[in-house]
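Next comes final.txt, a file with compact mmCIF, C-alpha atoms.
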# COMPACT_ATOMS: atom_id res chain seq x y z
CA MET A 9 23.43 -15.94 -3.70
CA ARG A 10 20.03 -15.27 -5.22
CA SER A 11 19.41 -15.55 -8.92
CA PRO A 12 18.89 -12.32 -10.85
CA CYS A 13 15.28 -11.09 -10.80
CA LEU A 14 13.23 -9.00 -13.19
CA ALA A 15 10.84 -6.30 -12.10
CA SER A 16 7.31 -7.38 -12.76
CA VAL A 17 4.53 -4.83 -12.87
CA ALA A 18 1.27 -6.46 -11.79
CA ASN A 19 -1.62 -5.25 -13.90
CA GLY A 20 -3.86 -8.25 -14.09
CA SER A 21 -1.43 -10.33 -16.12
CA SER A 22 1.45 -11.23 -13.83
CA ASP A 23 3.44 -12.92 -16.59
CA LYS A 24 4.23 -9.65 -18.39
CA MET A 25 7.73 -8.45 -17.53
CA ARG A 26 8.50 -4.72 -17.75
CA PRO A 27 10.97 -2.36 -16.14
CA CYS A 28 9.62 -0.84 -12.95
CA GLN A 29 10.28 2.72 -14.16
CA GLN A 30 7.13 2.64 -16.33
CA LEU A 31 5.05 2.89 -13.15
CA ASP A 32 1.87 2.07 -15.09
CA SER A 33 0.09 -0.28 -12.72
CA SER A 34 -1.45 -0.41 -9.30
CA VAL A 35 1.36 -2.41 -7.72
CA PHE A 36 5.10 -2.75 -8.10
CA ILE A 37 6.33 -6.24 -7.33
CA LEU A 38 9.74 -7.73 -7.76
CA ASP A 39 9.03 -11.31 -8.74
CA CYS A 40 11.57 -13.78 -7.31
CA SER A 41 11.36 -17.49 -6.65
CA ARG A 42 12.60 -17.18 -3.04
CA VAL A 43 10.14 -14.48 -1.98
CA THR A 44 8.16 -16.82 0.28
CA GLU A 45 11.30 -17.65 2.32
CA LEU A 46 12.06 -14.01 3.12
CA ARG A 47 10.77 -11.91 6.03
CA TRP A 48 8.53 -8.91 5.47
CA PHE A 49 9.67 -5.43 6.51
CA VAL A 50 8.05 -2.02 6.14
CA ILE A 51 10.15 0.85 4.88
CA HIS A 52 9.09 4.22 6.25
CA THR A 53 10.21 6.61 3.53
CA LYS A 54 11.12 10.24 3.59
CA PRO A 55 8.24 12.41 2.28
CA ARG A 56 7.10 11.67 -1.29
CA ARG A 57 9.86 9.16 -2.04
CA GLU A 58 7.93 5.89 -2.22
CA LYS A 59 8.56 5.33 -5.95
CA LYS A 60 12.25 6.17 -5.55
CA VAL A 61 12.52 3.56 -2.78
CA ALA A 62 10.72 1.02 -4.99
CA ASP A 63 13.14 1.74 -7.86
CA TYR A 64 16.10 1.49 -5.44
CA CYS A 65 14.87 -1.93 -4.29
CA VAL A 66 14.39 -3.14 -7.86
CA LYS A 67 17.90 -1.95 -8.73
CA HIS A 68 19.29 -3.98 -5.78
CA LYS A 69 17.09 -7.02 -6.55
CA ILE A 70 15.04 -6.69 -3.37
CA PRO A 71 11.42 -7.94 -3.56
CA VAL A 72 9.28 -4.82 -3.17
CA THR A 73 5.56 -4.09 -3.10
CA LEU A 74 4.18 -0.57 -3.49
CA PRO A 75 0.36 -0.53 -3.68
CA CYS A 76 -0.81 2.40 -5.84
CA TYR A 77 -4.14 3.76 -7.04
CA ASP A 78 -5.16 5.96 -9.97
CA SER A 79 -5.66 9.65 -9.21
CA GLU A 80 -7.26 11.75 -11.95
CA HIS A 81 -6.64 15.48 -12.30
CA ARG A 82 -7.93 17.91 -14.89
CA TYR A 83 -5.44 20.35 -16.42
CA ARG A 84 -6.59 22.78 -19.11
CA GLY A 85 -9.42 20.54 -20.19
CA LYS A 86 -7.35 17.35 -20.24
CA THR A 87 -7.65 14.53 -17.73
CA VAL A 88 -4.31 13.21 -16.50
CA VAL A 89 -4.05 9.99 -14.49
CA PHE A 90 -1.31 9.65 -11.88
CA LYS A 91 -0.31 6.58 -9.86
CA LYS A 92 -0.27 7.53 -6.17
CA PRO A 93 0.89 5.31 -3.30
CA LEU A 94 -2.07 3.92 -1.37
CA PHE A 95 -0.10 4.24 1.89
CA PRO A 96 1.96 7.44 1.62
CA GLY A 97 5.33 7.08 3.30
CA TYR A 98 5.41 3.27 3.27
CA VAL A 99 6.89 0.61 0.99
CA PHE A 100 6.77 -3.12 1.73
CA VAL A 101 9.80 -5.36 1.15
CA GLN A 102 11.00 -8.87 1.80
CA LEU A 103 14.61 -9.07 2.93
CA GLU A 104 17.39 -11.44 3.73
CA PRO A 105 19.19 -10.51 6.98
CA GLN A 106 22.20 -8.98 5.20
CA GLN A 107 19.98 -6.77 3.01
CA ARG A 108 18.71 -4.70 5.94
CA VAL A 109 21.85 -2.55 5.95
CA LEU A 110 21.57 -2.01 2.19
CA VAL A 111 18.01 -0.71 2.56
CA ILE A 112 18.80 1.57 5.52
CA GLN A 113 21.71 3.12 3.57
CA SER A 114 19.34 4.53 0.93
CA ASP A 115 18.96 8.32 1.07
CA HIS A 116 15.19 7.88 0.67
CA VAL A 117 14.60 5.68 3.73
CA ALA A 118 13.66 7.23 7.08
CA ASN A 119 13.26 3.96 9.02
CA LEU A 120 12.96 0.20 8.60
CA LEU A 121 10.15 -1.39 10.59
CA GLU A 122 10.24 -5.08 11.45
CA VAL A 123 7.05 -7.10 11.02
CA PHE A 124 6.65 -9.42 13.99
CA ASP A 125 3.45 -11.20 12.93
CA GLN A 126 4.51 -12.23 9.42
CA GLU A 127 1.42 -14.31 8.59
CA THR A 128 -1.13 -11.65 9.60
CA PHE A 129 0.80 -8.96 7.73
CA ARG A 130 1.11 -11.13 4.61
CA GLN A 131 -2.62 -11.89 4.64
CA GLN A 132 -3.63 -8.25 5.18
CA LEU A 133 -1.32 -7.03 2.40
CA GLU A 134 -2.55 -9.78 0.09
CA ASN A 135 -6.18 -8.71 0.74
CA ILE A 136 -5.32 -5.13 -0.19
CA LEU A 137 -3.53 -6.23 -3.38
CA VAL A 138 -6.52 -8.38 -4.39
CA ALA A 139 -8.81 -5.35 -3.87
CA LEU A 140 -6.53 -3.17 -6.03
CA LYS A 141 -6.49 -5.74 -8.82
CA SER A 142 -10.29 -6.06 -8.73
CA GLY A 143 -10.79 -2.63 -10.26
CA LEU A 144 -12.89 -1.34 -7.33
CA GLN A 145 -12.14 2.13 -6.04
CA VAL A 146 -9.65 1.68 -3.18
CA ARG A 147 -8.45 4.69 -1.17
CA LEU A 148 -6.62 5.40 2.07
CA ALA A 149 -9.05 5.51 4.97
CA PRO A 150 -8.42 6.77 8.48
CA VAL A 151 -8.77 4.17 11.19
CA ILE A 152 -11.56 5.54 13.35
CA GLY A 153 -12.74 3.40 16.21
CA GLU A 154 -15.04 3.63 19.17
CA GLY A 155 -13.89 6.06 21.83
CA MET A 156 -11.64 8.11 19.50
CA ARG A 157 -11.83 11.88 19.54
CA VAL A 158 -12.60 13.25 16.06
CA ARG A 159 -13.25 16.50 14.22
CA ILE A 160 -15.77 16.83 11.39
CA LYS A 161 -13.94 17.93 8.24
CA ALA A 162 -16.78 19.05 5.92
CA GLY A 163 -20.44 19.98 5.73
CA LEU A 164 -22.66 21.99 8.08
CA LEU A 165 -20.88 20.63 11.17
CA ARG A 166 -17.36 21.32 9.90
CA GLY A 167 -14.94 21.89 12.78
CA VAL A 168 -17.17 20.28 15.43
CA GLU A 169 -15.25 17.89 17.68
CA GLY A 170 -16.53 14.84 19.47
CA TRP A 171 -15.97 11.17 20.32
CA VAL A 172 -16.94 8.18 18.22
CA GLU A 173 -19.48 5.96 19.96
CA ARG A 174 -20.19 3.61 17.07
CA ARG A 175 -19.18 3.52 13.41
CA TYR A 176 -22.01 3.11 10.94
CA GLY A 177 -21.89 2.63 7.19
CA VAL A 178 -22.26 -0.99 6.16
CA ASP A 179 -21.37 -0.11 2.59
CA THR A 180 -17.75 0.73 3.47
CA VAL A 181 -15.27 -2.07 4.07
CA LEU A 182 -11.93 -1.31 5.71
CA LEU A 183 -8.89 -3.41 4.79
CA ARG A 184 -6.45 -2.85 7.63
CA LEU A 185 -2.68 -2.88 7.73
CA ASP A 186 -2.17 -2.97 11.50
CA LEU A 187 1.60 -2.44 11.59
CA ILE A 188 1.36 1.07 10.18
CA ASN A 189 -2.09 1.73 11.72
CA GLN A 190 -3.73 2.58 8.41
CA ALA A 191 -6.55 1.17 6.33
CA ALA A 192 -7.85 1.22 2.79
CA ALA A 193 -11.57 1.73 2.20
CA ILE A 194 -13.70 0.10 -0.47
CA ARG A 195 -17.29 1.16 -1.12
CA LEU A 196 -19.59 -1.81 -1.75
CA GLY A 197 -23.31 -2.37 -1.72
CA ALA A 198 -24.57 -4.01 1.46
CA SER A 199 -25.88 -6.92 -0.60
CA LEU A 200 -22.27 -7.85 -1.44
CA LEU A 201 -21.30 -8.30 2.21
CA GLU A 202 -21.76 -11.22 4.57
CA PRO A 203 -20.85 -11.78 8.21
CA ILE A 204 -17.85 -13.96 8.98
Do you think you could lay out the structure here as C-alpha cells?
Amino acid sequence: MRSPCLASVANGSSDKMRPCQQLDSSVFILDCSRVTELRWFVIHTKPRREKKVADYCVKHKIPVTLPCYDSEHRYRGKTVVFKKPLFPGYVFVQLEPQQRVLVIQSDHVANLLEVFDQETFRQQLENILVALKSGLQVRLAPVIGEGMRVRIKAGLLRGVEGWVERRYGVDTVLLRLDLINQAAAIRLGASLLEPI
C-alpha cells in the first residue's frame, strides 16, 4: 500500500504544500515518492470537469497533473484572473493497475486513455510544465500541418478555405502532446531559437 500523499500546488516553489482546492497555480500535482514507478494515463473528462477530476484524484491519492494558464477577464472595471485548463477535456494521471477502475468510476470521467510510449509522453508533458513555470504566455494551439484543409477565422479573408502548404512563423514554438493530438504555443523572438 502506498503512503499517504499531500496535494502539492506547483507555483515555482515545489516544497510548499497546500490543499488542491485553492487552485491558485498553473499546475496541480500530487507529489508522491512512487510517482516514477507508475504508468501515465490520460483521463478524457466530461465537458468542463477537469478541476473536479483533479480534486477526485487528490482525494483518492492518485498522482495527477492538470496544466493550467491564467485567463484575465474584465467585469465592471475590475480584472479577474481565472485558472483555465491548458488542454480542455484532459487530465494526466499516473496509476497503479488496480486504480484504473477507481478512476473510471468517477462521474466526471468520459474515458481513460492508455499511454503506450511512456517516455515520449513524459518528456512532452515535462516540456509543457517547464514552459508554464517559466512565466511565458502559453496557450492551446491547433496542430496545423502541411496538407491539412483549413478555414481562415479572422481578418479580411475570414471564411476562406484552403490547404496548408507550409507553416511559417519562426517566432511561434509548438509544444506537442501527441496522444491527444494537441499542442501549446509559445511566442518567442527568433533570436531565442536554435536548430536541433
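For the residues A:Gln131, A:Lys69, A:Tyr98, A:Lys86, ranking by smallest atom-to-atom distance to Ala118 in chain A using only C-alpha atoms places A:Tyr98 first.
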- Query: What is the CA of Val146 in chain A-CA of Tyr77 in chain A distance in Å, reported with one decimal?
  - Reply: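 These atoms are spaced 7.0 Å apart.
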- Message: For a test of reading the model, state the distance in Å between CA of His116 in chain A and CA of Lys60 in chain A, rounded to one decimal.
- Response: 7.1 Å
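Counting all atoms listed in the file, the residue from A:Leu94, A:Leu121, A:Val88, A:Leu74 that sits nearest to Ala193 in chain A is A:Leu94.
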- Query: What does the distance from CA of Leu137 in chain A to CA of Arg108 in chain A come to in Å, to one decimal?
  - Reply: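 Separation of CA of Leu137 in chain A and CA of Arg108 in chain A: 24.2 Å.
The smallest atom-to-atom distance between Ala192 in chain A and any of A:Gln132, A:Ser79, A:Gln107, A:Thr73, using all atoms listed in the file, is found for A:Gln132.
Distance annotation: of A:Cys76, A:Gly97, A:Leu103, A:Tyr64, the residue with the minimal separation from Lys141 in chain A is A:Cys76; atom set is only C-alpha atoms.
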- In terms of the shortest atom-to-atom distance over all atoms listed in the file, which of A:Phe100, A:Phe95, A:Phe90, A:Trp48 is closest to Val72 in chain A?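 Among the listed residues, the smallest separation from Val72 in chain A belongs to A:Phe100.
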